[in-house]
file upload_21.pdb (PDB, C-alpha atoms, pLDDT in the B column)
ATOM      1  CA  MET P   2     -27.876  -2.352   7.637  1.00 34.00           C
ATOM      2  CA  ARG P   3     -24.337  -3.472   8.238  1.00 45.00           C
ATOM      3  CA  GLY P   4     -23.664  -6.989   9.542  1.00 42.00           C
ATOM      4  CA  SER P   5     -23.487  -7.588  13.278  1.00 49.00           C
ATOM      5  CA  SER P   6     -20.429  -9.842  13.583  1.00 84.00           C
ATOM      6  CA  ILE P   7     -17.039  -8.137  13.717  1.00 94.00           C
ATOM      7  CA  GLN P   8     -14.342 -10.253  12.086  1.00 95.00           C
ATOM      8  CA  ALA P   9     -11.401  -7.843  12.077  1.00 98.00           C
ATOM      9  CA  VAL P  10     -10.341  -4.303  12.958  1.00 98.00           C
ATOM     10  CA  VAL P  11      -8.341  -2.063  10.628  1.00 98.00           C
ATOM     11  CA  PHE P  12      -6.406   0.924  11.991  1.00 98.00           C
ATOM     12  CA  ASP P  13      -5.343   4.092  10.270  1.00 98.00           C
ATOM     13  CA  LEU P  14      -1.768   5.125  11.114  1.00 98.00           C
ATOM     14  CA  ASP P  15      -1.307   8.901  10.910  1.00 96.00           C
ATOM     15  CA  GLY P  16      -3.350  10.701  13.533  1.00 95.00           C
ATOM     16  CA  VAL P  17      -4.426   7.451  15.212  1.00 98.00           C
ATOM     17  CA  ILE P  18      -1.180   5.703  16.171  1.00 98.00           C
ATOM     18  CA  VAL P  19       1.337   8.464  15.452  1.00 98.00           C
ATOM     19  CA  ASP P  20       0.791  12.210  15.848  1.00 96.00           C
ATOM     20  CA  SER P  21       2.305  12.907  12.483  1.00 93.00           C
ATOM     21  CA  GLU P  22       0.127  15.118  10.312  1.00 87.00           C
ATOM     22  CA  HIS P  23       2.134  18.172  11.361  1.00 88.00           C
ATOM     23  CA  VAL P  24       5.391  16.293  10.663  1.00 94.00           C
ATOM     24  CA  TRP P  25       4.266  15.522   7.113  1.00 93.00           C
ATOM     25  CA  ASP P  26       3.088  19.116   6.745  1.00 91.00           C
ATOM     26  CA  ALA P  27       6.440  20.533   7.876  1.00 93.00           C
ATOM     27  CA  ALA P  28       8.459  18.236   5.590  1.00 96.00           C
ATOM     28  CA  ARG P  29       6.379  18.984   2.510  1.00 96.00           C
ATOM     29  CA  GLU P  30       6.211  22.720   3.197  1.00 96.00           C
ATOM     30  CA  ALA P  31       9.976  22.928   3.734  1.00 96.00           C
ATOM     31  CA  LEU P  32      10.675  21.030   0.541  1.00 97.00           C
ATOM     32  CA  SER P  33       8.225  23.182  -1.406  1.00 96.00           C
ATOM     33  CA  ARG P  34       9.805  26.406  -0.207  1.00 95.00           C
ATOM     34  CA  GLU P  35      13.344  25.114  -0.791  1.00 95.00           C
ATOM     35  CA  ARG P  36      12.497  24.080  -4.332  1.00 93.00           C
ATOM     36  CA  GLY P  37      10.558  27.202  -5.305  1.00 91.00           C
ATOM     37  CA  GLY P  38       7.063  25.769  -4.939  1.00 94.00           C
ATOM     38  CA  GLY P  39       3.998  27.887  -4.329  1.00 93.00           C
ATOM     39  CA  TRP P  40       3.009  26.594  -0.883  1.00 94.00           C
ATOM     40  CA  HIS P  41      -0.303  27.883   0.503  1.00 93.00           C
ATOM     41  CA  GLU P  42      -2.325  27.388   3.690  1.00 85.00           C
ATOM     42  CA  GLY P  43      -4.764  24.936   2.115  1.00 89.00           C
ATOM     43  CA  ALA P  44      -2.099  22.609   0.712  1.00 93.00           C
ATOM     44  CA  GLN P  45      -1.936  20.332   3.747  1.00 86.00           C
ATOM     45  CA  GLN P  46      -5.716  19.970   3.874  1.00 83.00           C
ATOM     46  CA  ASP P  47      -5.761  19.252   0.148  1.00 89.00           C
ATOM     47  CA  MET P  48      -3.214  16.451   0.539  1.00 91.00           C
ATOM     48  CA  MET P  49      -4.693  14.739   3.609  1.00 82.00           C
ATOM     49  CA  GLY P  50      -5.586  11.186   2.682  1.00 77.00           C
ATOM     50  CA  MET P  51      -3.859  11.285  -0.692  1.00 88.00           C
ATOM     51  CA  SER P  52      -1.535   8.433  -1.594  1.00 87.00           C
ATOM     52  CA  SER P  53       2.140   9.233  -2.144  1.00 90.00           C
ATOM     53  CA  VAL P  54       1.533   9.018  -5.880  1.00 92.00           C
ATOM     54  CA  GLU P  55      -1.263  11.581  -5.591  1.00 93.00           C
ATOM     55  CA  TRP P  56       0.319  14.095  -3.224  1.00 95.00           C
ATOM     56  CA  SER P  57       3.702  14.070  -4.975  1.00 96.00           C
ATOM     57  CA  ARG P  58       1.901  14.757  -8.251  1.00 96.00           C
ATOM     58  CA  TYR P  59      -0.039  17.538  -6.521  1.00 97.00           C
ATOM     59  CA  MET P  60       3.219  19.117  -5.346  1.00 97.00           C
ATOM     60  CA  HIS P  61       4.693  18.852  -8.835  1.00 97.00           C
ATOM     61  CA  GLU P  62       1.667  20.041 -10.782  1.00 97.00           C
ATOM     62  CA  ARG P  63      -0.208  22.327  -8.359  1.00 96.00           C
ATOM     63  CA  LEU P  64       2.576  23.707  -6.187  1.00 96.00           C
ATOM     64  CA  GLY P  65       5.027  23.960  -9.052  1.00 96.00           C
ATOM     65  CA  LEU P  66       8.013  21.921  -7.853  1.00 96.00           C
ATOM     66  CA  LYS P  67      10.232  21.096 -10.819  1.00 94.00           C
ATOM     67  CA  ASP P  68      11.313  17.743  -9.340  1.00 96.00           C
ATOM     68  CA  LEU P  69       9.506  14.713 -10.703  1.00 96.00           C
ATOM     69  CA  PRO P  70       6.764  13.308  -8.433  1.00 96.00           C
ATOM     70  CA  GLU P  71       8.765  10.183  -7.582  1.00 96.00           C
ATOM     71  CA  GLU P  72      11.734  12.378  -6.569  1.00 97.00           C
ATOM     72  CA  ILE P  73       9.469  14.530  -4.386  1.00 97.00           C
ATOM     73  CA  SER P  74       8.023  11.477  -2.673  1.00 96.00           C
ATOM     74  CA  ALA P  75      11.450   9.935  -2.042  1.00 97.00           C
ATOM     75  CA  GLU P  76      12.810  13.140  -0.493  1.00 97.00           C
ATOM     76  CA  VAL P  77       9.808  13.613   1.817  1.00 97.00           C
ATOM     77  CA  VAL P  78      10.113   9.979   2.906  1.00 97.00           C
ATOM     78  CA  ARG P  79      13.814  10.485   3.626  1.00 97.00           C
ATOM     79  CA  ARG P  80      13.016  13.464   5.855  1.00 97.00           C
ATOM     80  CA  LEU P  81      10.229  11.616   7.682  1.00 97.00           C
ATOM     81  CA  GLN P  82      12.490   8.635   8.290  1.00 97.00           C
ATOM     82  CA  ALA P  83      15.175  10.868   9.799  1.00 97.00           C
ATOM     83  CA  THR P  84      12.633  12.551  12.076  1.00 96.00           C
ATOM     84  CA  TYR P  85      11.092   9.274  13.213  1.00 97.00           C
ATOM     85  CA  ARG P  86      14.437   7.660  13.928  1.00 97.00           C
ATOM     86  CA  GLU P  87      15.298  10.602  16.147  1.00 97.00           C
ATOM     87  CA  GLU P  88      11.937  10.659  17.938  1.00 96.00           C
ATOM     88  CA  LEU P  89       8.835   8.691  16.983  1.00 98.00           C
ATOM     89  CA  PRO P  90       5.717  10.741  17.814  1.00 97.00           C
ATOM     90  CA  LEU P  91       3.608   7.845  19.136  1.00 98.00           C
ATOM     91  CA  ILE P  92       0.244   8.962  20.468  1.00 98.00           C
ATOM     92  CA  ASP P  93      -0.064   8.279  24.196  1.00 97.00           C
ATOM     93  CA  GLY P  94      -2.122   5.151  24.733  1.00 98.00           C
ATOM     94  CA  ALA P  95      -1.837   3.883  21.157  1.00 98.00           C
ATOM     95  CA  THR P  96       0.357   0.898  22.004  1.00 98.00           C
ATOM     96  CA  GLU P  97      -2.000  -0.211  24.754  1.00 98.00           C
ATOM     97  CA  ALA P  98      -5.086   0.249  22.569  1.00 98.00           C
ATOM     98  CA  VAL P  99      -3.627  -1.808  19.737  1.00 98.00           C
ATOM     99  CA  GLY P 100      -2.738  -4.539  22.212  1.00 98.00           C
ATOM    100  CA  ARG P 101      -6.255  -4.551  23.677  1.00 98.00           C
ATOM    101  CA  LEU P 102      -7.887  -5.028  20.299  1.00 98.00           C
ATOM    102  CA  ALA P 103      -5.291  -7.554  19.098  1.00 98.00           C
ATOM    103  CA  GLY P 104      -6.360  -9.766  21.976  1.00 96.00           C
ATOM    104  CA  ARG P 105      -9.838  -9.899  20.470  1.00 96.00           C
ATOM    105  CA  TRP P 106      -9.601  -9.619  16.680  1.00 98.00           C
ATOM    106  CA  PRO P 107      -7.122  -9.891  13.791  1.00 98.00           C
ATOM    107  CA  LEU P 108      -5.756  -6.431  13.048  1.00 98.00           C
ATOM    108  CA  GLY P 109      -4.937  -4.701   9.791  1.00 98.00           C
ATOM    109  CA  LEU P 110      -3.597  -1.276   8.940  1.00 98.00           C
ATOM    110  CA  ALA P 111      -4.730   0.955   6.066  1.00 98.00           C
ATOM    111  CA  SER P 112      -2.565   4.041   5.669  1.00 97.00           C
ATOM    112  CA  SER P 113      -1.882   6.864   3.269  1.00 94.00           C
ATOM    113  CA  SER P 114       1.767   6.752   4.314  1.00 94.00           C
ATOM    114  CA  ASN P 115       4.408   5.299   2.018  1.00 94.00           C
ATOM    115  CA  ARG P 116       5.274   1.647   2.556  1.00 96.00           C
ATOM    116  CA  GLU P 117       8.709   2.587   3.939  1.00 96.00           C
ATOM    117  CA  ILE P 118       7.113   4.822   6.582  1.00 97.00           C
ATOM    118  CA  ILE P 119       4.533   2.225   7.633  1.00 98.00           C
ATOM    119  CA  ASP P 120       7.207  -0.418   8.104  1.00 98.00           C
ATOM    120  CA  LEU P 121       9.534   1.935   9.989  1.00 98.00           C
ATOM    121  CA  VAL P 122       6.831   3.123  12.413  1.00 98.00           C
ATOM    122  CA  LEU P 123       5.716  -0.411  13.190  1.00 98.00           C
ATOM    123  CA  GLU P 124       9.322  -1.552  13.648  1.00 98.00           C
ATOM    124  CA  LEU P 125      10.370   1.335  15.892  1.00 98.00           C
ATOM    125  CA  SER P 126       7.218   1.095  18.005  1.00 98.00           C
ATOM    126  CA  GLY P 127       7.211  -2.696  18.264  1.00 98.00           C
ATOM    127  CA  LEU P 128       3.635  -2.745  16.980  1.00 98.00           C
ATOM    128  CA  ASP P 129       4.531  -4.883  13.974  1.00 98.00           C
ATOM    129  CA  GLN P 130       3.819  -7.979  16.082  1.00 98.00           C
ATOM    130  CA  TYR P 131       0.123  -7.106  16.253  1.00 98.00           C
ATOM    131  CA  PHE P 132      -0.749  -6.471  12.592  1.00 98.00           C
ATOM    132  CA  GLU P 133      -1.517  -9.375  10.278  1.00 98.00           C
ATOM    133  CA  ALA P 134      -1.905  -7.186   7.178  1.00 98.00           C
ATOM    134  CA  THR P 135      -0.779  -3.667   6.307  1.00 98.00           C
ATOM    135  CA  VAL P 136      -1.642  -1.668   3.199  1.00 98.00           C
ATOM    136  CA  SER P 137      -0.282   1.602   1.842  1.00 96.00           C
ATOM    137  CA  SER P 138      -2.564   3.566  -0.415  1.00 94.00           C
ATOM    138  CA  GLU P 139       0.298   3.671  -2.928  1.00 92.00           C
ATOM    139  CA  GLU P 140      -0.430  -0.065  -3.380  1.00 96.00           C
ATOM    140  CA  VAL P 141      -4.018   0.512  -4.533  1.00 95.00           C
ATOM    141  CA  GLN P 142      -5.542   2.511  -7.352  1.00 94.00           C
ATOM    142  CA  ARG P 143      -6.943   5.422  -5.346  1.00 93.00           C
ATOM    143  CA  GLY P 144      -6.158   7.002  -2.001  1.00 92.00           C
ATOM    144  CA  LYS P 145      -8.616   8.043   0.681  1.00 94.00           C
ATOM    145  CA  PRO P 146     -11.492   9.063   0.667  1.00 95.00           C
ATOM    146  CA  SER P 147     -11.956   6.296  -1.922  1.00 96.00           C
ATOM    147  CA  PRO P 148     -12.473   2.920  -0.211  1.00 98.00           C
ATOM    148  CA  ASP P 149      -9.659   1.066  -2.015  1.00 98.00           C
ATOM    149  CA  VAL P 150      -7.127   0.882   0.828  1.00 98.00           C
ATOM    150  CA  TYR P 151      -9.702  -0.439   3.315  1.00 98.00           C
ATOM    151  CA  LEU P 152     -11.081  -2.960   0.870  1.00 98.00           C
ATOM    152  CA  GLU P 153      -7.562  -4.233   0.224  1.00 98.00           C
ATOM    153  CA  ALA P 154      -6.827  -4.472   3.951  1.00 98.00           C
ATOM    154  CA  ALA P 155      -9.964  -6.554   4.469  1.00 98.00           C
ATOM    155  CA  ARG P 156      -9.021  -8.759   1.516  1.00 98.00           C
ATOM    156  CA  ARG P 157      -5.549  -9.406   2.922  1.00 98.00           C
ATOM    157  CA  LEU P 158      -7.078 -10.247   6.295  1.00 98.00           C
ATOM    158  CA  GLY P 159      -9.604 -12.588   4.693  1.00 97.00           C
ATOM    159  CA  ALA P 160     -12.415 -10.563   6.290  1.00 97.00           C
ATOM    160  CA  ASP P 161     -15.704  -9.235   4.954  1.00 97.00           C
ATOM    161  CA  PRO P 162     -15.536  -5.417   4.925  1.00 98.00           C
ATOM    162  CA  ALA P 163     -19.112  -5.286   6.215  1.00 96.00           C
ATOM    163  CA  GLY P 164     -17.998  -7.394   9.172  1.00 96.00           C
ATOM    164  CA  SER P 165     -14.948  -5.263   9.915  1.00 97.00           C
ATOM    165  CA  ALA P 166     -14.412  -2.115  11.954  1.00 98.00           C
ATOM    166  CA  ALA P 167     -12.076   0.767  11.144  1.00 98.00           C
ATOM    167  CA  VAL P 168     -10.389   3.223  13.499  1.00 98.00           C
ATOM    168  CA  GLU P 169      -9.972   6.647  11.913  1.00 98.00           C
ATOM    169  CA  ASP P 170      -9.347  10.285  12.772  1.00 97.00           C
ATOM    170  CA  SER P 171      -9.698  12.382   9.613  1.00 94.00           C
ATOM    171  CA  ARG P 172     -12.412  13.362   7.186  1.00 95.00           C
ATOM    172  CA  SER P 173     -10.930  11.477   4.257  1.00 94.00           C
ATOM    173  CA  GLY P 174     -10.220   8.406   6.363  1.00 96.00           C
ATOM    174  CA  ILE P 175     -13.678   8.216   7.912  1.00 98.00           C
ATOM    175  CA  LEU P 176     -15.316   8.578   4.506  1.00 97.00           C
ATOM    176  CA  SER P 177     -12.948   5.977   3.036  1.00 98.00           C
ATOM    177  CA  ALA P 178     -13.752   3.351   5.656  1.00 98.00           C
ATOM    178  CA  SER P 179     -17.463   4.122   5.492  1.00 98.00           C
ATOM    179  CA  ALA P 180     -17.447   3.808   1.694  1.00 98.00           C
ATOM    180  CA  ALA P 181     -15.812   0.383   2.120  1.00 98.00           C
ATOM    181  CA  GLY P 182     -18.833  -0.659   4.159  1.00 98.00           C
ATOM    182  CA  MET P 183     -16.959  -0.902   7.448  1.00 97.00           C
ATOM    183  CA  ARG P 184     -18.151   0.186  10.874  1.00 96.00           C
ATOM    184  CA  VAL P 185     -16.211   3.313  11.728  1.00 97.00           C
ATOM    185  CA  VAL P 186     -14.857   4.247  15.142  1.00 98.00           C
ATOM    186  CA  ALA P 187     -13.835   7.897  14.880  1.00 98.00           C
ATOM    187  CA  ILE P 188     -11.260   9.559  17.116  1.00 98.00           C
ATOM    188  CA  PRO P 189     -11.452  13.130  15.742  1.00 97.00           C
ATOM    189  CA  ASN P 190      -8.078  14.649  14.913  1.00 93.00           C
ATOM    190  CA  LYS P 191      -7.608  17.721  17.079  1.00 90.00           C
ATOM    191  CA  ARG P 192      -5.227  19.451  14.669  1.00 86.00           C
ATOM    192  CA  PHE P 193      -7.358  18.817  11.579  1.00 87.00           C
ATOM    193  CA  PRO P 194     -10.860  18.013  12.884  1.00 93.00           C
ATOM    194  CA  PRO P 195     -13.238  16.190  10.530  1.00 95.00           C
ATOM    195  CA  ASP P 196     -16.350  18.070   9.483  1.00 95.00           C
ATOM    196  CA  GLU P 197     -19.936  17.226  10.372  1.00 96.00           C
ATOM    197  CA  GLU P 198     -20.479  15.280   7.147  1.00 95.00           C
ATOM    198  CA  ALA P 199     -17.630  12.936   8.003  1.00 96.00           C
ATOM    199  CA  LEU P 200     -18.613  12.574  11.656  1.00 97.00           C
ATOM    200  CA  ALA P 201     -22.135  11.657  10.562  1.00 97.00           C
ATOM    201  CA  ALA P 202     -20.621   8.730   8.629  1.00 97.00           C
ATOM    202  CA  ALA P 203     -19.004   7.327  11.799  1.00 97.00           C
ATOM    203  CA  ASP P 204     -20.768   4.690  13.865  1.00 96.00           C
ATOM    204  CA  VAL P 205     -19.220   5.706  17.174  1.00 95.00           C
ATOM    205  CA  ILE P 206     -17.112   8.705  18.195  1.00 97.00           C
ATOM    206  CA  ILE P 207     -14.664   8.607  21.104  1.00 97.00           C
ATOM    207  CA  PRO P 208     -12.499  11.463  22.415  1.00 97.00           C
ATOM    208  CA  SER P 209      -9.139   9.679  22.506  1.00 97.00           C
ATOM    209  CA  ILE P 210      -7.458   6.379  21.766  1.00 98.00           C
ATOM    210  CA  ASN P 211      -7.405   5.718  25.505  1.00 97.00           C
ATOM    211  CA  GLU P 212     -11.135   5.039  25.162  1.00 97.00           C
ATOM    212  CA  LEU P 213     -10.597   2.497  22.363  1.00 98.00           C
ATOM    213  CA  THR P 214     -11.651  -0.811  23.899  1.00 97.00           C
ATOM    214  CA  PRO P 215     -13.387  -3.907  22.539  1.00 96.00           C
ATOM    215  CA  ASP P 216     -16.605  -2.574  24.073  1.00 94.00           C
ATOM    216  CA  ALA P 217     -16.226   0.708  22.164  1.00 94.00           C
ATOM    217  CA  VAL P 218     -15.729  -1.199  18.919  1.00 95.00           C
ATOM    218  CA  GLU P 219     -18.763  -3.344  19.675  1.00 89.00           C
ATOM    219  CA  GLU P 220     -20.834  -0.165  20.045  1.00 80.00           C
ATOM    220  CA  SER P 221     -20.412   0.364  16.313  1.00 58.00           C
ATOM    221  CA  ARG P 222     -22.424  -2.791  15.637  1.00 49.00           C
ATOM    222  CA  ALA P 223     -25.747  -1.024  16.061  1.00 47.00           C
TER     223      ALA P 223
END
call {"tool": "encode", "arguments": {"input": "upload_21.pdb", "output": "C-alpha cells"}}
result
Amino acid sequence: MRGSSIQAVVFDLDGVIVDSEHVWDAAREALSRERGGGWHEGAQQDMMGMSSVEWSRYMHERLGLKDLPEEISAEVVRRLQATYREELPLIDGATEAVGRLAGRWPLGLASSSNREIIDLVLELSGLDQYFEATVSSEEVQRGKPSPDVYLEAARRLGADPAGSAAVEDSRSGILSASAAGMRVVAIPNKRFPPDEEALAAADVIIPSINELTPDAVEESRA
C-alpha cells in the first residue's frame, strides 16, 4: 500500500498542460515525408512517451530517415519552437490548475519533451514560477513507460516517490508514474486515449484538468 502523506506533485507536460501531441505528430510526419522516411499510421503511437534520444533513433532506424538521430531531433525541436512562439496550445484551465496545486505542494514536471521545449513552454506560459524541478526524459536513461523520469523528478524535489502524486494523460505516462510508485491522477487524453490496462494503474481518473484540485489529488491517497 502506498504511503498516505503527499509531499509533492509532478505534472506531465504534453497532453496535460499543452495540447501538443498532434503538433509533435505533424512535425515528425512532415519531416519524415520530406526526407523520404516511411511514415505509417502507428508511428505516432509508437513514439508516445519516448525520449528525444529514443524517438529520433526510431525515425532514423525504423522510418528510414538518412539524417542522424541528433539532426532529426534538432530539426523537430526547431519546428516545435516556431509553432509555439506563434501560438502556444495551452489547455484551457491548465494555468489555473497548476496554480491551485502550487498553493498546496511543491511541484515538479516530468516530460518526454526536449529540454528546450520544456523551458520554452514554461517561459511563454508564465508557469515557470510554479515548478521547483523539471526533468526531460532525455536527461535520464530511459523514457516513459519506464519510471526513470518520475524518479528523477522526485529526487530533484527531495520527495519520496511513494509520497508523491503524478498528473498524467497517456498510457506510457500513467504506467511510468505508477512504476515509480507514485499516486497517479489520470486525465485521459482524448486524441490518444489510454487503454484499460493503463487506466487500471491510475488511482483517480478525472475528465479534465478543470477538475484537478487538491481534493482530487487527495482522493488518490486511498
call {"tool": "resolve_selection", "arguments": {"input": "upload_21.pdb", "expression": "the PyMOL selection byres ((chain P and resi 180) around 12)", "output": "ChimeraX atom specification"}}
result
/P:3,145-152,162-163,167,173-179,181-185,199,202-203
call {"tool": "residues_around", "arguments": {"input": "upload_21.pdb", "residues": "Thr214 of chain P", "least_positions_apart": "5", "cutoff": "12 Å", "atoms": "all atoms listed in the file", "output": "ChimeraX atom specification"}}
result
/P:10,94-95,97-106,168,186,207,209,219-221
call {"tool": "atom_distance", "arguments": {"input": "upload_21.pdb", "atom1": "atom CA of Leu14 of chain P", "atom2": "atom CA of Glu169 of chain P"}}
result
8.4 Å
call {"tool": "residues_around", "arguments": {"input": "upload_21.pdb", "residues": "Ser138 of chain P", "least_positions_apart": "2", "cutoff": "8 Å", "atoms": "all atoms listed in the file", "output": "list in words"}}
result
Met51, Ser52, Ser53, Ala111, Ser112, Ser113, Ser114, Asn115, Val136, Glu140, Val141, Gln142, Arg143, Gly144, Lys145, Asp149 and Val150 of chain P
call {"tool": "write_last_selection", "arguments": {"input": "upload_21.pdb", "atoms": "C-alpha atoms", "output": "CSV table (one decimal), in the frame of the given file"}}
result
chain,number,residue,atom,x,y,z
P,51,MET,CA,-3.9,11.3,-0.7
P,52,SER,CA,-1.5,8.4,-1.6
P,53,SER,CA,2.1,9.2,-2.1
P,111,ALA,CA,-4.7,1.0,6.1
P,112,SER,CA,-2.6,4.0,5.7
P,113,SER,CA,-1.9,6.9,3.3
P,114,SER,CA,1.8,6.8,4.3
P,115,ASN,CA,4.4,5.3,2.0
P,136,VAL,CA,-1.6,-1.7,3.2
P,140,GLU,CA,-0.4,-0.1,-3.4
P,141,VAL,CA,-4.0,0.5,-4.5
P,142,GLN,CA,-5.5,2.5,-7.4
P,143,ARG,CA,-6.9,5.4,-5.3
P,144,GLY,CA,-6.2,7.0,-2.0
P,145,LYS,CA,-8.6,8.0,0.7
P,149,ASP,CA,-9.7,1.1,-2.0
P,150,VAL,CA,-7.1,0.9,0.8
call {"tool": "residues_around", "arguments": {"input": "upload_21.pdb", "residues": "Asp129 of chain P", "least_positions_apart": "5", "cutoff": "12 Å", "atoms": "only C-alpha atoms", "output": "MDAnalysis selection string"}}
result
chainID P and resid 96 99:100 103 108:110 119:124 134:135
call {"tool": "closest_residue", "arguments": {"input": "upload_21.pdb", "among": "P:Val17, P:Ile210, P:Ala217, P:Ala28", "to": "Glu76 of chain P", "atoms": "all atoms listed in the file"}}
result
P:Ala28
call {"tool": "residues_near_point", "arguments": {"input": "upload_21.pdb", "point": "(-10.1, -11.5, 7.4)", "cutoff": "9 Å", "atoms": "all atoms listed in the file", "output": "CSV table (one decimal) with C-alpha atoms, in the frame of the given file"}}
result
chain,number,residue,atom,x,y,z
P,8,GLN,CA,-14.3,-10.3,12.1
P,9,ALA,CA,-11.4,-7.8,12.1
P,107,PRO,CA,-7.1,-9.9,13.8
P,108,LEU,CA,-5.8,-6.4,13.0
P,109,GLY,CA,-4.9,-4.7,9.8
P,154,ALA,CA,-6.8,-4.5,4.0
P,155,ALA,CA,-10.0,-6.6,4.5
P,156,ARG,CA,-9.0,-8.8,1.5
P,157,ARG,CA,-5.5,-9.4,2.9
P,158,LEU,CA,-7.1,-10.2,6.3
P,159,GLY,CA,-9.6,-12.6,4.7
P,160,ALA,CA,-12.4,-10.6,6.3
P,161,ASP,CA,-15.7,-9.2,5.0
P,162,PRO,CA,-15.5,-5.4,4.9
P,165,SER,CA,-14.9,-5.3,9.9
call {"tool": "atom_distance", "arguments": {"input": "upload_21.pdb", "atom1": "atom CA of Asn211 of chain P", "atom2": "atom CA of Ile18 of chain P"}}
result
11.2 Å
call {"tool": "closest_residue", "arguments": {"input": "upload_21.pdb", "among": "P:Asp93, P:Glu55, P:Glu62, P:Glu22", "to": "Trp40 of chain P", "atoms": "all atoms listed in the file"}}
result
P:Glu62
call {"tool": "atom_distance", "arguments": {"input": "upload_21.pdb", "atom1": "atom CA of Glu72 of chain P", "atom2": "atom CA of Met60 of chain P"}}
result
10.9 Å
call {"tool": "residues_around", "arguments": {"input": "upload_21.pdb", "residues": "Ser74 of chain P", "least_positions_apart": "3", "cutoff": "12 Å", "atoms": "only C-alpha atoms", "output": "ChimeraX atom specification"}}
result
/P:25,28-29,32-33,52-61,66,68-71,77-81,114-118,139
call {"tool": "decode", "arguments": {"input": "upload_21.pdb", "residues": "segment 32-67 of chain P", "atoms": "C-alpha atoms", "output": "PDB file, in the first residue's frame"}}
result
ATOM      1  CA  LEU P  32       9.937  15.778 -41.661  1.00  0.00           C
ATOM      2  CA  SER P  33       9.685  12.062 -42.401  1.00  0.00           C
ATOM      3  CA  ARG P  34       7.883  12.640 -45.679  1.00  0.00           C
ATOM      4  CA  GLU P  35      10.240  15.458 -46.698  1.00  0.00           C
ATOM      5  CA  ARG P  36      13.278  13.304 -46.029  1.00  0.00           C
ATOM      6  CA  GLY P  37      11.994  10.120 -47.663  1.00  0.00           C
ATOM      7  CA  GLY P  38      11.021   8.273 -44.494  1.00  0.00           C
ATOM      8  CA  GLY P  39       8.460   5.501 -44.404  1.00  0.00           C
ATOM      9  CA  TRP P  40       5.831   7.140 -42.182  1.00  0.00           C
ATOM     10  CA  HIS P  41       2.903   4.927 -41.141  1.00  0.00           C
ATOM     11  CA  GLU P  42      -0.244   5.346 -39.041  1.00  0.00           C
ATOM     12  CA  GLY P  43       1.210   3.625 -35.982  1.00  0.00           C
ATOM     13  CA  ALA P  44       4.365   5.749 -35.824  1.00  0.00           C
ATOM     14  CA  GLN P  45       2.931   8.402 -33.517  1.00  0.00           C
ATOM     15  CA  GLN P  46       1.580   5.798 -31.103  1.00  0.00           C
ATOM     16  CA  ASP P  47       4.931   4.017 -31.167  1.00  0.00           C
ATOM     17  CA  MET P  48       6.778   7.212 -30.236  1.00  0.00           C
ATOM     18  CA  MET P  49       4.458   8.443 -27.470  1.00  0.00           C
ATOM     19  CA  GLY P  50       6.436   8.653 -24.257  1.00  0.00           C
ATOM     20  CA  MET P  51       9.800   8.067 -25.905  1.00  0.00           C
ATOM     21  CA  SER P  52      12.646  10.412 -25.041  1.00  0.00           C
ATOM     22  CA  SER P  53      14.113  12.539 -27.829  1.00  0.00           C
ATOM     23  CA  VAL P  54      17.043  10.140 -27.993  1.00  0.00           C
ATOM     24  CA  GLU P  55      14.651   7.222 -28.471  1.00  0.00           C
ATOM     25  CA  TRP P  56      12.202   8.711 -30.963  1.00  0.00           C
ATOM     26  CA  SER P  57      14.904  10.288 -33.136  1.00  0.00           C
ATOM     27  CA  ARG P  58      16.621   6.900 -33.286  1.00  0.00           C
ATOM     28  CA  TYR P  59      13.270   5.317 -34.156  1.00  0.00           C
ATOM     29  CA  MET P  60      12.828   7.770 -37.034  1.00  0.00           C
ATOM     30  CA  HIS P  61      16.351   7.073 -38.266  1.00  0.00           C
ATOM     31  CA  GLU P  62      16.305   3.302 -37.904  1.00  0.00           C
ATOM     32  CA  ARG P  63      12.626   2.336 -38.283  1.00  0.00           C
ATOM     33  CA  LEU P  64      11.277   5.054 -40.555  1.00  0.00           C
ATOM     34  CA  GLY P  65      14.426   5.223 -42.639  1.00  0.00           C
ATOM     35  CA  LEU P  66      15.441   8.889 -42.423  1.00  0.00           C
ATOM     36  CA  LYS P  67      19.056   9.249 -43.520  1.00  0.00           C
TER      37      LYS P  67
END
